[in-house]
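Asker: Can you keep this structure in mind? I'll have questions shortly.
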Amino acid sequence: MRYLSADVGGTFTDLVLIDGATGTVRLDKVPSTPGSAEAVGRGIARLTAAAGLGAADIGLFVHGFTIATNALLTRTGARIALIVTEGFRDVLEIGPQMRPKLYALTQTKPPPVVPRSRVVEVAERIDAFGAVVVPLAIDEAVRAAEAVAAMNPEAVAVCLAFAHLATDHERMIEAALHRRLPGVPVYLSCRVNPQIEEYPRANTTAIAAYVGPVVDRYVGALEATLGRIGVAAPLRLM
């Protein structure tokens with residue numbers, strides 16, 4: 001089998017082609033095209049041509065990229081909203097107790113990816129054993145969806161208290177959001193990071209929603225580029 005890998009950097013895109021039958025390894029490097037998969041397509045075409053192969057001869061394609069990392073570091077992710085249990089609106093603002101200088105009163109923290117103004121509370125509660133204390137009414141889920149829709153988000157994160165133990169309330173909100181905002185991706189904490197502790201679950205889910213649309217657009221463009229140049233090999237992302 002012939003294996004091809006491409007790693008996109010800020011300046012250059014590196015490619016490696018390995019022929020499993022002969023052990024031949026070919027390397028190439030092309031200028032990157034930030035936010036686009038054109039450099040990958042151009043590099044594949046050039047490397048396969050140098051090896052006397054066609055794009056259809058590739059058996060497996062592995063792609064490494066830093067699209068999500070760059071979006072987070074440069075704060076260029078999607079415009080998102082976050083839905084939380086009533087009383088948890090500041091979960092991202094407060095964060096964990098673990099910080100560089102625990103008792104410093106003047107230290108600064110990076111702002112969360114969701115500003116407080118884009119956090120919506122819902123009246124519901126699940127306890128630490130997964131039992132429903134305050135049921136989520138359908139009208140309340142619809143109200144939250146309407147509040148989120150007014151923010152015109154590109155993605156929505158949902159993190160309710162102890163949702164990793166009982167997922168029904170998050171799924172009710174997801175259904176309401178899909179009805180009100182068809183086509184807008186919804187990230188539930190019970191899927192993204194079903195672990196105890198509200199902050200890491202909320203933060204991970206919010207970041208997934210923040211970078212998700214950016215990655216989705218890139219992967220869609222990548223798949224279109226691969227199809228255009230004739231690569232039919234399975235795509236593996238790293």
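Labels used: A, B, ... for chains in the order of the structure tokens, numbers from 1 for residues in each chain, and numbers from 1 for ligands as shown.
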Got a sec to tell me which of stretch 120-224 of chain A DSSP assigns to helix (DSSP H, G or I), as an MDAnalysis selection string?
Answerer: chainID A and resid 138:149 168:180 189:192 198:224
Asker: Would you return as a PyMOL selection string the members of stretch 15-237 of chain A that DSSP assigns to strand (DSSP E) on this structure's backbone?
Answerer: chain A and resi 15-19+25-31+60-64+80-85+119-122+125-126+132-134+155-159+186-188+235-237
Asker: Next, write the just-selected residues to a file, as a compact mmCIF listing (two decimals), in the first residue's frame, keeping C-alpha atoms as the atom set.
Answerer:
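See again.txt below for the written result:
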# COMPACT_ATOMS: atom_id res chain seq x y z
CA LEU A 15 4.19 15.86 2.58
CA VAL A 16 5.54 12.33 2.85
CA LEU A 17 4.78 9.49 0.43
CA ILE A 18 5.74 5.95 1.44
CA ASP A 19 5.53 2.94 -0.84
CA VAL A 25 10.08 7.39 0.86
CA ARG A 26 9.52 10.67 -0.96
CA LEU A 27 9.31 14.10 0.67
CA ASP A 28 8.04 17.44 -0.58
CA LYS A 29 7.22 20.89 0.77
CA VAL A 30 4.89 23.54 -0.65
CA PRO A 31 3.84 26.99 0.62
CA LEU A 60 -4.28 5.85 2.79
CA PHE A 61 -4.10 9.59 3.44
CA VAL A 62 -3.25 10.93 6.91
CA HIS A 63 -3.60 14.66 7.48
CA GLY A 64 -2.28 16.71 10.39
CA ILE A 80 -21.34 30.78 19.91
CA ALA A 81 -23.81 30.73 22.77
CA LEU A 82 -23.84 28.58 25.90
CA ILE A 83 -26.86 27.19 27.76
CA VAL A 84 -26.40 26.28 31.44
CA THR A 85 -28.45 25.37 34.48
CA VAL A 119 -24.79 32.58 28.31
CA VAL A 120 -28.44 31.55 28.77
CA GLU A 121 -29.75 29.94 31.97
CA VAL A 122 -32.57 27.38 32.07
CA ARG A 125 -31.82 20.67 38.05
CA ILE A 126 -30.37 17.19 38.27
CA VAL A 132 -34.31 14.99 38.53
CA VAL A 133 -34.90 17.65 41.19
CA VAL A 134 -36.41 20.34 38.92
CA ALA A 155 -22.86 27.04 17.07
CA VAL A 156 -24.38 26.35 20.49
CA ALA A 157 -22.89 24.61 23.53
CA VAL A 158 -25.11 23.07 26.21
CA CYS A 159 -23.80 22.14 29.65
CA VAL A 186 -25.29 21.90 18.84
CA TYR A 187 -22.64 20.50 21.18
CA LEU A 188 -23.88 18.70 24.29
CA LEU A 235 -8.93 10.21 5.11
CA ARG A 236 -7.49 10.08 8.61
CA LEU A 237 -7.22 13.28 10.63
Asker: From the options A:Pro115, A:Leu136, A:Thr205, A:Tyr210, which residue's atoms come nearest to A:Glu86, counting only C-alpha atoms?
Answerer: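 For A:Glu86, the nearest of the given residues is A:Leu136.
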Asker: Counting only C-alpha atoms, which of A:Ile207, A:Met98, A:Met1, A:Ala55 gets nearest to A:Ala232?
Answerer: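 Under the stated criterion, the closest residue is A:Ala55.
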Asker: In Å to one decimal, how far is atom CA of A:Val211 from atom CA of A:Ile138?
Answerer: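 Taking atom CA of A:Ile138 and atom CA of A:Val211, their separation equals 29.3 Å.
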Asker: Between A:Leu73, A:Ala123, A:Leu222, A:Ala150, which residue has the minimum interatomic distance to A:Leu177, considering only C-alpha atoms?
Answerer: A:Ala150
Asker: By how many Å are atom CA of A:Arg79 and atom CA of A:Ala145 apart?
Answerer: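 Interatomic distance, atom CA of A:Arg79 to atom CA of A:Ala145: 15.7 Å.
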Asker: Mind checking which residues fall within 12 Å of stretch 35-39 of chain A, counting only C-alpha atoms, ignoring those fewer than 2 positions away in the same chain, and posting them as an MDAnalysis selection string?
Answerer: chainID A and resid 6:15 28:33 41:47 63:68 70:71 76 214:229
Asker: Considering only C-alpha atoms, return as a list in words whatever protein or nucleic-acid residues lie within 9 Å of A:Val192, sequence-local ones (same chain, fewer than 6 positions apart) excluded.
Answerer: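 The residues that qualify are Arg201, Thr204, Thr205 and Ala208 of chain A.
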Asker: Residues of the last selection are to be written out with N, CA, C and O atoms, as a compact mmCIF listing (two decimals), in the first residue's frame.
Answerer:
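To be explicit, this is the file written out as part_33.txt:
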# COMPACT_ATOMS: atom_id res chain seq x y z
N ARG A 201 -16.18 20.37 32.14
CA ARG A 201 -17.19 19.90 31.18
C ARG A 201 -17.72 21.07 30.35
O ARG A 201 -17.85 20.98 29.13
N THR A 204 -14.75 22.55 28.04
CA THR A 204 -14.44 21.68 26.91
C THR A 204 -15.54 21.73 25.86
O THR A 204 -15.28 21.80 24.66
N THR A 205 -16.80 21.71 26.32
CA THR A 205 -17.92 21.76 25.39
C THR A 205 -17.97 23.10 24.65
O THR A 205 -18.22 23.15 23.44
N ALA A 208 -15.24 23.15 22.07
CA ALA A 208 -15.62 22.30 20.93
C ALA A 208 -16.55 23.05 19.99
O ALA A 208 -16.41 22.99 18.76
Asker: What does the structure give for the distance between atom CA of A:Ala166 and atom CA of A:Ala209, in Å to one decimal?
Answerer: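 So the answer is 21.0 Å.
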Asker: Which residue is closest to A:Ala78? Choose from A:Leu181, A:Val114, A:Ala128, A:Ala50 and count only C-alpha atoms.
Answerer: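 The closest residue to A:Ala78 is A:Val114.
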Asker: For A:Asp168, please output as JSON, numbers by chain all residues within 12 Å (counting only C-alpha atoms; exclusion window: fewer than 5 positions along the same chain).
Answerer: {"A": [124, 125, 126, 130, 131, 132, 135, 136, 137, 138, 141, 160, 161, 162, 163, 173, 174, 175, 188, 189, 190]}
Asker: Would you save the residues from that selection as an mmCIF file, in the first residue's frame, using N, CA and C atoms?
Answerer:
data_model
loop_
_atom_site.group_PDB
_atom_site.id
_atom_site.type_symbol
_atom_site.label_atom_id
_atom_site.label_comp_id
_atom_site.auth_asym_id
_atom_site.auth_seq_id
_atom_site.Cartn_x
_atom_site.Cartn_y
_atom_site.Cartn_z
ATOM 1 N N GLU A 124 -33.886 24.179 35.541
ATOM 2 C CA GLU A 124 -33.894 22.708 35.625
ATOM 3 C C GLU A 124 -32.824 22.319 36.619
ATOM 4 N N ARG A 125 -32.892 21.106 37.136
ATOM 5 C CA ARG A 125 -31.818 20.670 38.050
ATOM 6 C C ARG A 125 -31.812 19.167 38.168
ATOM 7 N N ILE A 126 -30.638 18.607 38.029
ATOM 8 C CA ILE A 126 -30.372 17.191 38.266
ATOM 9 C C ILE A 126 -29.379 17.115 39.402
ATOM 10 N N GLY A 130 -27.950 11.827 39.695
ATOM 11 C CA GLY A 130 -28.642 11.685 38.424
ATOM 12 C C GLY A 130 -30.149 11.761 38.517
ATOM 13 N N ALA A 131 -30.668 12.092 39.706
ATOM 14 C CA ALA A 131 -32.116 12.192 39.883
ATOM 15 C C ALA A 131 -32.582 13.607 39.521
ATOM 16 N N VAL A 132 -33.760 13.695 38.921
ATOM 17 C CA VAL A 132 -34.307 14.990 38.528
ATOM 18 C C VAL A 132 -34.909 15.679 39.746
ATOM 19 N N PRO A 135 -37.693 19.405 37.053
ATOM 20 C CA PRO A 135 -37.848 18.975 35.663
ATOM 21 C C PRO A 135 -37.705 20.155 34.703
ATOM 22 N N LEU A 136 -37.204 19.863 33.521
ATOM 23 C CA LEU A 136 -37.110 20.881 32.473
ATOM 24 C C LEU A 136 -38.413 20.878 31.685
ATOM 25 N N ALA A 137 -39.161 21.961 31.757
ATOM 26 C CA ALA A 137 -40.423 22.065 31.021
ATOM 27 C C ALA A 137 -40.135 22.337 29.547
ATOM 28 N N ILE A 138 -40.985 21.829 28.690
ATOM 29 C CA ILE A 138 -40.811 22.044 27.257
ATOM 30 C C ILE A 138 -40.824 23.536 26.934
ATOM 31 N N ALA A 141 -37.459 25.021 27.608
ATOM 32 C CA ALA A 141 -36.491 24.688 26.559
ATOM 33 C C ALA A 141 -36.711 25.560 25.329
ATOM 34 N N LEU A 160 -25.447 21.347 31.232
ATOM 35 C CA LEU A 160 -26.309 21.414 32.398
ATOM 36 C C LEU A 160 -25.678 20.646 33.552
ATOM 37 N N ALA A 161 -26.013 21.045 34.758
ATOM 38 C CA ALA A 161 -25.438 20.422 35.952
ATOM 39 C C ALA A 161 -25.726 18.919 35.983
ATOM 40 N N PHE A 162 -24.681 18.143 36.164
ATOM 41 C CA PHE A 162 -24.747 16.685 36.295
ATOM 42 C C PHE A 162 -25.387 16.004 35.085
ATOM 43 N N ALA A 163 -25.276 16.643 33.918
ATOM 44 C CA ALA A 163 -25.846 16.047 32.704
ATOM 45 C C ALA A 163 -25.111 14.785 32.284
ATOM 46 N N ILE A 173 -33.205 20.228 25.125
ATOM 47 C CA ILE A 173 -32.754 21.529 24.644
ATOM 48 C C ILE A 173 -32.213 21.417 23.221
ATOM 49 N N GLU A 174 -31.487 20.340 22.956
ATOM 50 C CA GLU A 174 -30.974 20.128 21.600
ATOM 51 C C GLU A 174 -32.120 20.069 20.591
ATOM 52 N N ALA A 175 -33.175 19.349 20.934
ATOM 53 C CA ALA A 175 -34.322 19.241 20.026
ATOM 54 C C ALA A 175 -34.968 20.607 19.793
ATOM 55 N N LEU A 188 -23.406 19.037 22.948
ATOM 56 C CA LEU A 188 -23.884 18.698 24.289
ATOM 57 C C LEU A 188 -22.728 18.193 25.138
ATOM 58 N N SER A 189 -22.681 18.638 26.393
ATOM 59 C CA SER A 189 -21.606 18.193 27.277
ATOM 60 C C SER A 189 -21.675 16.695 27.540
ATOM 61 N N CYS A 190 -22.886 16.123 27.504
ATOM 62 C CA CYS A 190 -23.019 14.683 27.751
ATOM 63 C C CYS A 190 -22.404 13.860 26.628
#
